[in-house]
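With PDB, C-alpha atoms and all ligand atoms inside, this is start.pdb:
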ATOM      1  CA  MET A   1       1.527  -3.709  21.422  1.00  0.00           C
ATOM      2  CA  PRO A   2       3.845  -4.594  18.551  1.00  0.00           C
ATOM      3  CA  ARG A   3       2.565  -3.575  15.140  1.00  0.00           C
ATOM      4  CA  LYS A   4       1.467  -6.503  12.989  1.00  0.00           C
ATOM      5  CA  LYS A   5       3.307  -6.463   9.686  1.00  0.00           C
ATOM      6  CA  ILE A   6       1.423  -6.158   6.432  1.00  0.00           C
ATOM      7  CA  ILE A   7       2.566  -7.718   3.205  1.00  0.00           C
ATOM      8  CA  ALA A   8       0.409  -6.247   0.461  1.00  0.00           C
ATOM      9  CA  GLY A   9       0.585  -7.344  -3.154  1.00  0.00           C
ATOM     10  CA  ASN A  10      -0.160  -4.744  -5.810  1.00  0.00           C
ATOM     11  CA  TRP A  11      -1.093  -6.600  -8.966  1.00  0.00           C
ATOM     12  CA  LYS A  12      -1.539  -3.391 -10.978  1.00  0.00           C
ATOM     13  CA  MET A  13      -3.229  -4.065 -14.350  1.00  0.00           C
ATOM     14  CA  ASN A  14      -2.307  -7.732 -14.540  1.00  0.00           C
ATOM     15  CA  LEU A  15      -4.118 -11.083 -14.789  1.00  0.00           C
ATOM     16  CA  THR A  16      -7.607 -11.592 -16.183  1.00  0.00           C
ATOM     17  CA  PRO A  17     -10.272 -12.647 -13.653  1.00  0.00           C
ATOM     18  CA  LYS A  18      -9.846 -16.261 -14.767  1.00  0.00           C
ATOM     19  CA  LYS A  19      -6.049 -16.162 -14.406  1.00  0.00           C
ATOM     20  CA  ALA A  20      -6.420 -14.353 -11.082  1.00  0.00           C
ATOM     21  CA  GLU A  21      -8.669 -17.115  -9.817  1.00  0.00           C
ATOM     22  CA  GLU A  22      -6.169 -19.764 -10.895  1.00  0.00           C
ATOM     23  CA  PHE A  23      -3.273 -17.914  -9.284  1.00  0.00           C
ATOM     24  CA  VAL A  24      -4.944 -17.501  -5.894  1.00  0.00           C
ATOM     25  CA  THR A  25      -6.298 -21.044  -5.945  1.00  0.00           C
ATOM     26  CA  ASP A  26      -2.708 -22.219  -6.277  1.00  0.00           C
ATOM     27  CA  MET A  27      -1.279 -19.750  -3.736  1.00  0.00           C
ATOM     28  CA  LYS A  28      -4.006 -19.732  -1.068  1.00  0.00           C
ATOM     29  CA  ALA A  29      -2.530 -22.310   1.311  1.00  0.00           C
ATOM     30  CA  LYS A  30       1.003 -20.993   0.740  1.00  0.00           C
ATOM     31  CA  LEU A  31       0.121 -17.394   1.645  1.00  0.00           C
ATOM     32  CA  ASP A  32      -2.295 -18.129   4.466  1.00  0.00           C
ATOM     33  CA  THR A  33      -0.776 -17.090   7.785  1.00  0.00           C
ATOM     34  CA  ASP A  34      -1.764 -15.141  10.853  1.00  0.00           C
ATOM     35  CA  LYS A  35       1.796 -14.020  11.617  1.00  0.00           C
ATOM     36  CA  VAL A  36       1.495 -11.137   9.153  1.00  0.00           C
ATOM     37  CA  GLU A  37      -1.483  -9.558   7.422  1.00  0.00           C
ATOM     38  CA  VAL A  38      -1.501 -10.553   3.766  1.00  0.00           C
ATOM     39  CA  VAL A  39      -3.497  -8.347   1.396  1.00  0.00           C
ATOM     40  CA  LEU A  40      -3.871  -8.834  -2.348  1.00  0.00           C
ATOM     41  CA  CYS A  41      -4.778  -5.617  -4.161  1.00  0.00           C
ATOM     42  CA  VAL A  42      -6.219  -6.795  -7.440  1.00  0.00           C
ATOM     43  CA  PRO A  43      -7.979  -5.160 -10.414  1.00  0.00           C
ATOM     44  CA  TYR A  44     -11.649  -4.289  -9.748  1.00  0.00           C
ATOM     45  CA  VAL A  45     -12.906  -6.948 -12.165  1.00  0.00           C
ATOM     46  CA  SER A  46     -11.075  -9.679 -10.239  1.00  0.00           C
ATOM     47  CA  LEU A  47     -12.146  -8.627  -6.733  1.00  0.00           C
ATOM     48  CA  HIS A  48     -15.111 -10.952  -6.610  1.00  0.00           C
ATOM     49  CA  ALA A  49     -13.345 -14.019  -7.992  1.00  0.00           C
ATOM     50  CA  VAL A  50     -10.327 -13.575  -5.719  1.00  0.00           C
ATOM     51  CA  GLN A  51     -12.496 -12.890  -2.689  1.00  0.00           C
ATOM     52  CA  SER A  52     -14.496 -16.069  -3.325  1.00  0.00           C
ATOM     53  CA  VAL A  53     -11.397 -18.247  -3.563  1.00  0.00           C
ATOM     54  CA  LEU A  54      -9.836 -16.717  -0.444  1.00  0.00           C
ATOM     55  CA  LYS A  55     -12.939 -17.133   1.690  1.00  0.00           C
ATOM     56  CA  GLY A  56     -12.109 -18.910   4.930  1.00  0.00           C
ATOM     57  CA  SER A  57      -8.443 -17.872   4.828  1.00  0.00           C
ATOM     58  CA  ASN A  58      -6.672 -15.000   6.595  1.00  0.00           C
ATOM     59  CA  ILE A  59      -5.752 -13.394   3.274  1.00  0.00           C
ATOM     60  CA  LYS A  60      -7.500 -10.106   2.602  1.00  0.00           C
ATOM     61  CA  VAL A  61      -8.444  -8.518  -0.696  1.00  0.00           C
ATOM     62  CA  GLY A  62      -7.923  -4.878  -1.564  1.00  0.00           C
ATOM     63  CA  ALA A  63      -8.641  -2.488  -4.416  1.00  0.00           C
ATOM     64  CA  GLN A  64      -6.007  -0.339  -6.131  1.00  0.00           C
ATOM     65  CA  ASN A  65      -7.972   2.902  -6.155  1.00  0.00           C
ATOM     66  CA  MET A  66     -11.404   4.293  -5.323  1.00  0.00           C
ATOM     67  CA  HIS A  67     -13.405   7.417  -6.031  1.00  0.00           C
ATOM     68  CA  TYR A  68     -14.232   9.862  -3.258  1.00  0.00           C
ATOM     69  CA  MET A  69     -17.920  10.236  -4.122  1.00  0.00           C
ATOM     70  CA  ASP A  70     -20.464   7.567  -3.164  1.00  0.00           C
ATOM     71  CA  LYS A  71     -22.191   7.644  -6.536  1.00  0.00           C
ATOM     72  CA  GLY A  72     -23.008   9.868  -9.448  1.00  0.00           C
ATOM     73  CA  ALA A  73     -21.985  10.861 -12.949  1.00  0.00           C
ATOM     74  CA  TYR A  74     -18.344   9.711 -12.821  1.00  0.00           C
ATOM     75  CA  THR A  75     -18.139   7.360 -15.769  1.00  0.00           C
ATOM     76  CA  GLY A  76     -15.679   4.552 -15.286  1.00  0.00           C
ATOM     77  CA  GLU A  77     -15.162   5.121 -11.572  1.00  0.00           C
ATOM     78  CA  ILE A  78     -15.766   2.875  -8.556  1.00  0.00           C
ATOM     79  CA  SER A  79     -16.781   4.281  -5.182  1.00  0.00           C
ATOM     80  CA  GLY A  80     -15.675   3.366  -1.695  1.00  0.00           C
ATOM     81  CA  GLU A  81     -19.294   2.600  -0.922  1.00  0.00           C
ATOM     82  CA  MET A  82     -19.334  -0.036  -3.671  1.00  0.00           C
ATOM     83  CA  LEU A  83     -16.139  -1.610  -2.358  1.00  0.00           C
ATOM     84  CA  ALA A  84     -17.402  -1.558   1.229  1.00  0.00           C
ATOM     85  CA  ASP A  85     -20.617  -3.230   0.117  1.00  0.00           C
ATOM     86  CA  MET A  86     -18.501  -6.051  -1.334  1.00  0.00           C
ATOM     87  CA  GLY A  87     -16.635  -6.361   1.979  1.00  0.00           C
ATOM     88  CA  ILE A  88     -13.337  -5.074   0.600  1.00  0.00           C
ATOM     89  CA  PRO A  89     -11.254  -3.907   3.590  1.00  0.00           C
ATOM     90  CA  TYR A  90      -8.325  -2.136   1.858  1.00  0.00           C
ATOM     91  CA  ALA A  91      -7.692   0.265  -1.011  1.00  0.00           C
ATOM     92  CA  ILE A  92      -4.389   1.620  -2.276  1.00  0.00           C
ATOM     93  CA  ILE A  93      -4.650   5.400  -2.561  1.00  0.00           C
ATOM     94  CA  GLY A  94      -2.333   7.707  -4.491  1.00  0.00           C
ATOM     95  CA  HIS A  95       0.011   5.154  -5.993  1.00  0.00           C
ATOM     96  CA  SER A  96       2.730   6.965  -7.942  1.00  0.00           C
ATOM     97  CA  GLU A  97       1.408   5.486 -11.188  1.00  0.00           C
ATOM     98  CA  ARG A  98      -1.974   7.104 -10.499  1.00  0.00           C
ATOM     99  CA  ARG A  99      -0.282  10.365  -9.624  1.00  0.00           C
ATOM    100  CA  GLU A 100       1.821  10.236 -12.788  1.00  0.00           C
ATOM    101  CA  TYR A 101      -0.568   8.815 -15.413  1.00  0.00           C
ATOM    102  CA  PHE A 102      -3.907   9.985 -14.021  1.00  0.00           C
ATOM    103  CA  ALA A 103      -2.829  13.309 -12.558  1.00  0.00           C
ATOM    104  CA  GLU A 104      -3.893  12.484  -9.020  1.00  0.00           C
ATOM    105  CA  SER A 105      -2.963  15.336  -6.736  1.00  0.00           C
ATOM    106  CA  ASP A 106      -2.025  15.366  -3.065  1.00  0.00           C
ATOM    107  CA  THR A 107      -5.411  16.913  -2.349  1.00  0.00           C
ATOM    108  CA  GLN A 108      -7.257  14.125  -4.158  1.00  0.00           C
ATOM    109  CA  VAL A 109      -5.217  11.587  -2.229  1.00  0.00           C
ATOM    110  CA  ASN A 110      -6.332  13.318   0.961  1.00  0.00           C
ATOM    111  CA  ILE A 111     -10.015  13.403   0.015  1.00  0.00           C
ATOM    112  CA  LYS A 112      -9.980   9.768  -1.096  1.00  0.00           C
ATOM    113  CA  SER A 113      -8.228   8.674   2.099  1.00  0.00           C
ATOM    114  CA  LEU A 114     -10.718  10.534   4.295  1.00  0.00           C
ATOM    115  CA  LYS A 115     -13.561   8.959   2.332  1.00  0.00           C
ATOM    116  CA  ALA A 116     -12.032   5.500   2.653  1.00  0.00           C
ATOM    117  CA  LEU A 117     -11.887   5.904   6.436  1.00  0.00           C
ATOM    118  CA  LYS A 118     -15.463   7.087   6.519  1.00  0.00           C
ATOM    119  CA  THR A 119     -16.522   4.059   4.498  1.00  0.00           C
ATOM    120  CA  GLY A 120     -14.667   1.621   6.738  1.00  0.00           C
ATOM    121  CA  ILE A 121     -11.928   0.913   4.203  1.00  0.00           C
ATOM    122  CA  THR A 122      -8.279   1.084   5.252  1.00  0.00           C
ATOM    123  CA  PRO A 123      -6.391   3.337   2.860  1.00  0.00           C
ATOM    124  CA  ILE A 124      -2.845   2.316   1.941  1.00  0.00           C
ATOM    125  CA  ILE A 125      -1.568   5.795   1.188  1.00  0.00           C
ATOM    126  CA  CYS A 126       1.447   5.925  -1.127  1.00  0.00           C
ATOM    127  CA  ILE A 127       4.106   8.608  -1.015  1.00  0.00           C
ATOM    128  CA  GLY A 128       7.564   8.749  -2.533  1.00  0.00           C
ATOM    129  CA  GLU A 129      10.173  10.859  -4.244  1.00  0.00           C
ATOM    130  CA  THR A 130      11.551  10.781  -7.786  1.00  0.00           C
ATOM    131  CA  LEU A 131      15.195  10.084  -8.519  1.00  0.00           C
ATOM    132  CA  LYS A 132      15.725  13.721  -9.411  1.00  0.00           C
ATOM    133  CA  GLN A 133      14.306  14.814  -6.052  1.00  0.00           C
ATOM    134  CA  ARG A 134      16.535  12.339  -4.209  1.00  0.00           C
ATOM    135  CA  MET A 135      19.634  13.414  -6.132  1.00  0.00           C
ATOM    136  CA  SER A 136      18.947  17.036  -5.277  1.00  0.00           C
ATOM    137  CA  GLU A 137      18.483  16.136  -1.593  1.00  0.00           C
ATOM    138  CA  ARG A 138      14.819  17.027  -1.527  1.00  0.00           C
ATOM    139  CA  THR A 139      13.553  13.592  -0.388  1.00  0.00           C
ATOM    140  CA  PHE A 140      12.548  14.604   3.138  1.00  0.00           C
ATOM    141  CA  CYS A 141      10.941  17.836   2.024  1.00  0.00           C
ATOM    142  CA  VAL A 142       8.897  16.056  -0.702  1.00  0.00           C
ATOM    143  CA  ILE A 143       7.806  13.233   1.618  1.00  0.00           C
ATOM    144  CA  SER A 144       6.898  15.633   4.395  1.00  0.00           C
ATOM    145  CA  LYS A 145       4.681  17.696   2.102  1.00  0.00           C
ATOM    146  CA  GLN A 146       2.940  14.666   0.551  1.00  0.00           C
ATOM    147  CA  LEU A 147       2.362  13.239   4.023  1.00  0.00           C
ATOM    148  CA  SER A 148       1.031  16.387   5.631  1.00  0.00           C
ATOM    149  CA  ILE A 149      -1.520  16.915   2.837  1.00  0.00           C
ATOM    150  CA  ALA A 150      -2.523  13.230   2.762  1.00  0.00           C
ATOM    151  CA  VAL A 151      -3.406  13.138   6.464  1.00  0.00           C
ATOM    152  CA  ASP A 152      -4.943  16.596   6.696  1.00  0.00           C
ATOM    153  CA  GLY A 153      -8.216  16.462   8.620  1.00  0.00           C
ATOM    154  CA  MET A 154      -7.549  13.077  10.198  1.00  0.00           C
ATOM    155  CA  THR A 155      -7.639  12.374  13.927  1.00  0.00           C
ATOM    156  CA  ALA A 156      -5.139  10.349  15.966  1.00  0.00           C
ATOM    157  CA  ASP A 157      -7.647   7.475  15.869  1.00  0.00           C
ATOM    158  CA  ASP A 158      -7.748   7.658  12.083  1.00  0.00           C
ATOM    159  CA  ILE A 159      -3.965   7.569  11.926  1.00  0.00           C
ATOM    160  CA  ALA A 160      -3.899   4.385  13.978  1.00  0.00           C
ATOM    161  CA  LYS A 161      -6.054   2.776  11.266  1.00  0.00           C
ATOM    162  CA  ILE A 162      -4.321   3.927   8.092  1.00  0.00           C
ATOM    163  CA  VAL A 163      -1.336   2.397   6.335  1.00  0.00           C
ATOM    164  CA  ILE A 164       1.348   4.532   4.728  1.00  0.00           C
ATOM    165  CA  ALA A 165       3.499   3.090   1.961  1.00  0.00           C
ATOM    166  CA  TYR A 166       6.827   4.763   1.313  1.00  0.00           C
ATOM    167  CA  GLU A 167       7.591   3.986  -2.302  1.00  0.00           C
ATOM    168  CA  PRO A 168      10.551   5.790  -3.844  1.00  0.00           C
ATOM    169  CA  ILE A 169       9.536   6.159  -7.496  1.00  0.00           C
ATOM    170  CA  TRP A 170      13.029   5.292  -8.708  1.00  0.00           C
ATOM    171  CA  ALA A 171      12.697   1.885  -7.031  1.00  0.00           C
ATOM    172  CA  ILE A 172       9.290   0.936  -8.470  1.00  0.00           C
ATOM    173  CA  GLY A 173       9.521  -1.749 -11.121  1.00  0.00           C
ATOM    174  CA  THR A 174      13.171  -0.941 -11.756  1.00  0.00           C
ATOM    175  CA  GLY A 175      14.897  -3.687  -9.797  1.00  0.00           C
ATOM    176  CA  LYS A 176      16.756  -0.870  -8.054  1.00  0.00           C
ATOM    177  CA  VAL A 177      15.658  -1.432  -4.461  1.00  0.00           C
ATOM    178  CA  ALA A 178      16.344   1.120  -1.734  1.00  0.00           C
ATOM    179  CA  THR A 179      18.868  -0.109   0.802  1.00  0.00           C
ATOM    180  CA  PRO A 180      17.328  -1.091   4.141  1.00  0.00           C
ATOM    181  CA  GLU A 181      19.046   1.997   5.626  1.00  0.00           C
ATOM    182  CA  GLN A 182      17.612   4.352   2.985  1.00  0.00           C
ATOM    183  CA  ALA A 183      14.121   2.921   3.431  1.00  0.00           C
ATOM    184  CA  GLU A 184      14.367   2.957   7.232  1.00  0.00           C
ATOM    185  CA  GLU A 185      15.579   6.544   7.285  1.00  0.00           C
ATOM    186  CA  VAL A 186      12.502   7.799   5.421  1.00  0.00           C
ATOM    187  CA  CYS A 187      10.038   5.525   7.259  1.00  0.00           C
ATOM    188  CA  ALA A 188      11.456   6.791  10.567  1.00  0.00           C
ATOM    189  CA  ALA A 189      11.015  10.391   9.399  1.00  0.00           C
ATOM    190  CA  ILE A 190       7.396   9.643   8.452  1.00  0.00           C
ATOM    191  CA  ARG A 191       6.725   8.183  11.907  1.00  0.00           C
ATOM    192  CA  LYS A 192       8.373  11.171  13.569  1.00  0.00           C
ATOM    193  CA  GLN A 193       6.235  13.612  11.605  1.00  0.00           C
ATOM    194  CA  ILE A 194       3.102  11.640  12.529  1.00  0.00           C
ATOM    195  CA  GLY A 195       4.158  11.770  16.186  1.00  0.00           C
ATOM    196  CA  GLU A 196       4.668  15.515  16.098  1.00  0.00           C
ATOM    197  CA  LYS A 197       1.225  16.124  14.669  1.00  0.00           C
ATOM    198  CA  PHE A 198      -0.886  13.356  16.210  1.00  0.00           C
ATOM    199  CA  GLY A 199       1.002  12.238  19.325  1.00  0.00           C
ATOM    200  CA  GLN A 200       3.139   9.278  20.313  1.00  0.00           C
ATOM    201  CA  GLY A 201       0.224   6.831  20.437  1.00  0.00           C
ATOM    202  CA  ALA A 202      -0.606   7.454  16.770  1.00  0.00           C
ATOM    203  CA  ALA A 203       3.074   7.268  15.784  1.00  0.00           C
ATOM    204  CA  ASP A 204       3.445   3.920  17.548  1.00  0.00           C
ATOM    205  CA  ALA A 205       0.295   2.527  15.941  1.00  0.00           C
ATOM    206  CA  VAL A 206       0.533   3.664  12.315  1.00  0.00           C
ATOM    207  CA  ARG A 207       1.876   1.063   9.955  1.00  0.00           C
ATOM    208  CA  ILE A 208       4.455   2.190   7.452  1.00  0.00           C
ATOM    209  CA  LEU A 209       5.367  -0.062   4.539  1.00  0.00           C
ATOM    210  CA  TYR A 210       8.233   0.073   2.096  1.00  0.00           C
ATOM    211  CA  GLY A 211       7.588  -0.543  -1.600  1.00  0.00           C
ATOM    212  CA  GLY A 212       9.770  -0.640  -4.690  1.00  0.00           C
ATOM    213  CA  SER A 213      11.419  -3.771  -6.125  1.00  0.00           C
ATOM    214  CA  VAL A 214      10.788  -5.888  -3.037  1.00  0.00           C
ATOM    215  CA  THR A 215      11.637  -9.530  -3.759  1.00  0.00           C
ATOM    216  CA  ALA A 216      12.068 -12.778  -1.859  1.00  0.00           C
ATOM    217  CA  ASP A 217      15.781 -11.946  -1.681  1.00  0.00           C
ATOM    218  CA  ASN A 218      15.578  -8.521  -0.050  1.00  0.00           C
ATOM    219  CA  ALA A 219      12.309  -8.721   1.951  1.00  0.00           C
ATOM    220  CA  ASN A 220      13.937  -9.973   5.121  1.00  0.00           C
ATOM    221  CA  THR A 221      16.536  -7.223   5.490  1.00  0.00           C
ATOM    222  CA  LEU A 222      13.991  -4.493   4.657  1.00  0.00           C
ATOM    223  CA  PHE A 223      11.159  -5.744   6.871  1.00  0.00           C
ATOM    224  CA  LYS A 224      13.482  -6.283   9.848  1.00  0.00           C
ATOM    225  CA  MET A 225      14.133  -2.547  10.125  1.00  0.00           C
ATOM    226  CA  PRO A 226      12.439  -1.034  13.203  1.00  0.00           C
ATOM    227  CA  ASN A 227      10.228   1.468  11.367  1.00  0.00           C
ATOM    228  CA  ILE A 228       9.305  -0.715   8.393  1.00  0.00           C
ATOM    229  CA  ASP A 229       6.100  -2.632   9.051  1.00  0.00           C
ATOM    230  CA  GLY A 230       6.064  -4.699   5.880  1.00  0.00           C
ATOM    231  CA  GLY A 231       5.853  -4.013   2.188  1.00  0.00           C
ATOM    232  CA  LEU A 232       3.810  -3.078  -0.833  1.00  0.00           C
ATOM    233  CA  VAL A 233       4.972  -5.538  -3.440  1.00  0.00           C
ATOM    234  CA  GLY A 234       4.317  -5.176  -7.167  1.00  0.00           C
ATOM    235  CA  GLY A 235       6.011  -7.521  -9.625  1.00  0.00           C
ATOM    236  CA  ALA A 236       7.011 -10.122  -7.033  1.00  0.00           C
ATOM    237  CA  SER A 237       3.412 -10.488  -5.812  1.00  0.00           C
ATOM    238  CA  LEU A 238       2.518 -12.092  -9.149  1.00  0.00           C
ATOM    239  CA  GLN A 239       5.205 -14.742  -8.812  1.00  0.00           C
ATOM    240  CA  PRO A 240       5.165 -18.032  -6.903  1.00  0.00           C
ATOM    241  CA  THR A 241       8.101 -16.593  -4.894  1.00  0.00           C
ATOM    242  CA  PHE A 242       5.626 -14.199  -3.233  1.00  0.00           C
ATOM    243  CA  GLU A 243       5.268 -17.029  -0.735  1.00  0.00           C
ATOM    244  CA  LYS A 244       8.847 -16.315   0.370  1.00  0.00           C
ATOM    245  CA  VAL A 245       8.143 -12.592   0.697  1.00  0.00           C
ATOM    246  CA  VAL A 246       5.183 -13.341   2.959  1.00  0.00           C
ATOM    247  CA  HIS A 247       7.229 -15.778   5.043  1.00  0.00           C
ATOM    248  CA  PHE A 248      10.265 -13.489   5.063  1.00  0.00           C
ATOM    249  CA  GLU A 249      11.382 -14.435   8.560  1.00  0.00           C
TER     250      GLU A 249
HETATM  251  P1  LIG B   1       7.414  -3.223  -7.680  1.00  0.00           P
HETATM  252  O1  LIG B   1       6.143  -2.279  -7.495  1.00  0.00           O
HETATM  253  O2  LIG B   1       7.475  -4.121  -6.472  1.00  0.00           O
HETATM  254  O3  LIG B   1       7.165  -3.981  -8.937  1.00  0.00           O
HETATM  255  O4  LIG B   1       8.617  -2.339  -7.767  1.00  0.00           O
HETATM  256  C1  LIG B   1       5.781  -1.773  -6.250  1.00  0.00           C
HETATM  257  C2  LIG B   1       4.568  -0.904  -6.364  1.00  0.00           C
HETATM  258  O5  LIG B   1       4.414  -0.230  -7.392  1.00  0.00           O
HETATM  259  O6  LIG B   1       3.729  -0.867  -5.449  1.00  0.00           O
END

Would you mind writing the file out in structure tokens?
Amino acid sequence: MPRKKIIAGNWKMNLTPKKAEEFVTDMKAKLDTDKVEVVLCVPYVSLHAVQSVLKGSNIKVGAQNMHYMDKGAYTGEISGEMLADMGIPYAIIGHSERREYFAESDTQVNIKSLKALKTGITPIICIGETLKQRMSERTFCVISKQLSIAVDGMTADDIAKIVIAYEPIWAIGTGKVATPEQAEEVCAAIRKQIGEKFGQGAADAVRILYGGSVTADNANTLFKMPNIDGGLVGGASLQPTFEKVVHFE
């Protein structure tokens, strides 16, 4: 079975709930398709408003993070259980901005991803190298380590459910997109590593996205690559041109 592509928007800390509602009201019909899976990962406070507007469409709503405990004394945090109760099907886990600004470790990414699976939420697990690591030819070593820790304790069935986003840090928000060949090379290596650990079935099923300065202009060449199953799109997902990213073909 061919893998269905996913085009996920990562709004980061943008748009108030009111502005979010206006944006999706305007974009709903334009983004609604069953050819690809469209997911909008919005700030927690906008989840409800966005979900209400998108009701009845194929567009899904995701969170940008979640805590690994169900409840407790974790001031300011939101649990997977809370998101699941709202019917939120996706959560981004381990975005490089969370790793960099909130000191999220590979181990935390692993625990959160396992918890997401347990809660019925699909984790979109982010991995990626810095420019310095790429320049010193450590990309594959860095990615391999991040990946092996992230999926530790998962089964082949779990792997078939998760989404991995390869996001080179030097390409995020910089306008400096990876070439389709660079992105494909790493996504292929990720799939190979998954195959070695979990078997060919899991490798064929897992969806691997590329993220980092995806726009309407480069989406087509990136998403056409054999091991790239769509994208995690930041800045461009807040623009009307996101419609063109979604309909990249
Ligand atoms: P960008 O962000 O598309 O703005 O580069 C991607 C991301 O951070 O997920």

Got a sec: who's within 10 Å of stretch 130-139 of chain A, counting only C-alpha atoms, leaving out chain neighbours fewer than 6 positions off, as a list in words?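 Here the answer would be Ser96, Glu167, Pro168, Ile169, Trp170, Ala171 and Val186 of chain A.
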
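The contact shell of ligand LIG 1 (chain B), defined as all polymer residues within 7 Å when all atoms listed in the file are used, comprises A:Asn10, A:Glu167, A:Ala171, A:Ile172, A:Gly173, A:Thr174, A:Gly175, A:Gly211, A:Gly212, A:Ser213, A:Val214, A:Leu232, A:Val233, A:Gly234, A:Gly235, A:Ala236.
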
Any idea what's packed within 7 Å of A:Val53, counting all atoms listed in the file, ignoring anything in its chain fewer than 5 positions away? Could you give it as a list in words?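 Using all atoms listed in the file, the neighbours found are Glu21, Val24 and Thr25 of chain A.
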
To verify the selection step, state as a PyMOL selection string which residues the PyMOL selection byres (((chain A and resi 228) around 7) and not hetatm) yields on this input. chain A and resi 184+187+208-210+223+225-227+229-230

Kindly save the residues from that selection, with C-alpha atoms included, as an mmCIF file, in the coordinates of the input.
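Final output, saved to again-v5.cif:
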data_model
loop_
_atom_site.group_PDB
_atom_site.id
_atom_site.type_symbol
_atom_site.label_atom_id
_atom_site.label_comp_id
_atom_site.auth_asym_id
_atom_site.auth_seq_id
_atom_site.Cartn_x
_atom_site.Cartn_y
_atom_site.Cartn_z
ATOM 1 C CA GLU A 184 14.367 2.957 7.232
ATOM 2 C CA CYS A 187 10.038 5.525 7.259
ATOM 3 C CA ILE A 208 4.455 2.190 7.452
ATOM 4 C CA LEU A 209 5.367 -0.062 4.539
ATOM 5 C CA TYR A 210 8.233 0.073 2.096
ATOM 6 C CA PHE A 223 11.159 -5.744 6.871
ATOM 7 C CA MET A 225 14.133 -2.547 10.125
ATOM 8 C CA PRO A 226 12.439 -1.034 13.203
ATOM 9 C CA ASN A 227 10.228 1.468 11.367
ATOM 10 C CA ASP A 229 6.100 -2.632 9.051
ATOM 11 C CA GLY A 230 6.064 -4.699 5.880
#

What does the distance between atom CA of A:Tyr68 and atom CA of A:Ile127 come to in Å, to one decimal place? 18.5 Å

Computed interatomic separation between atom CA of A:Thr221 and atom CA of A:Gln182 (Å): 11.9 Å

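Once the PyMOL selection byres (((chain A and resi 41) around 6) and not hetatm) is applied to this file, the selection holds A:Gly9, A:Asn10, A:Leu40, A:Val42, A:Val61, A:Gly62, A:Ala63, A:Gln64.
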
The PyMOL selection byres (((chain A and resi 20) around 10) and not hetatm) on the file shown: which residues, as a ChimeraX atom specification? /A:11,14-19,21-26,42-43,45-47,49-50,53,238

Kindly export the residues of the current selection with C-alpha atoms, as a PDB file, keeping the file's coordinate frame.
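Now in part30.pdb:
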ATOM      1  CA  TRP A  11      -1.093  -6.600  -8.966  1.00  0.00           C
ATOM      2  CA  ASN A  14      -2.307  -7.732 -14.540  1.00  0.00           C
ATOM      3  CA  LEU A  15      -4.118 -11.083 -14.789  1.00  0.00           C
ATOM      4  CA  THR A  16      -7.607 -11.592 -16.183  1.00  0.00           C
ATOM      5  CA  PRO A  17     -10.272 -12.647 -13.653  1.00  0.00           C
ATOM      6  CA  LYS A  18      -9.846 -16.261 -14.767  1.00  0.00           C
ATOM      7  CA  LYS A  19      -6.049 -16.162 -14.406  1.00  0.00           C
ATOM      8  CA  GLU A  21      -8.669 -17.115  -9.817  1.00  0.00           C
ATOM      9  CA  GLU A  22      -6.169 -19.764 -10.895  1.00  0.00           C
ATOM     10  CA  PHE A  23      -3.273 -17.914  -9.284  1.00  0.00           C
ATOM     11  CA  VAL A  24      -4.944 -17.501  -5.894  1.00  0.00           C
ATOM     12  CA  THR A  25      -6.298 -21.044  -5.945  1.00  0.00           C
ATOM     13  CA  ASP A  26      -2.708 -22.219  -6.277  1.00  0.00           C
ATOM     14  CA  VAL A  42      -6.219  -6.795  -7.440  1.00  0.00           C
ATOM     15  CA  PRO A  43      -7.979  -5.160 -10.414  1.00  0.00           C
ATOM     16  CA  VAL A  45     -12.906  -6.948 -12.165  1.00  0.00           C
ATOM     17  CA  SER A  46     -11.075  -9.679 -10.239  1.00  0.00           C
ATOM     18  CA  LEU A  47     -12.146  -8.627  -6.733  1.00  0.00           C
ATOM     19  CA  ALA A  49     -13.345 -14.019  -7.992  1.00  0.00           C
ATOM     20  CA  VAL A  50     -10.327 -13.575  -5.719  1.00  0.00           C
ATOM     21  CA  VAL A  53     -11.397 -18.247  -3.563  1.00  0.00           C
ATOM     22  CA  LEU A 238       2.518 -12.092  -9.149  1.00  0.00           C
TER      23      LEU A 238
END
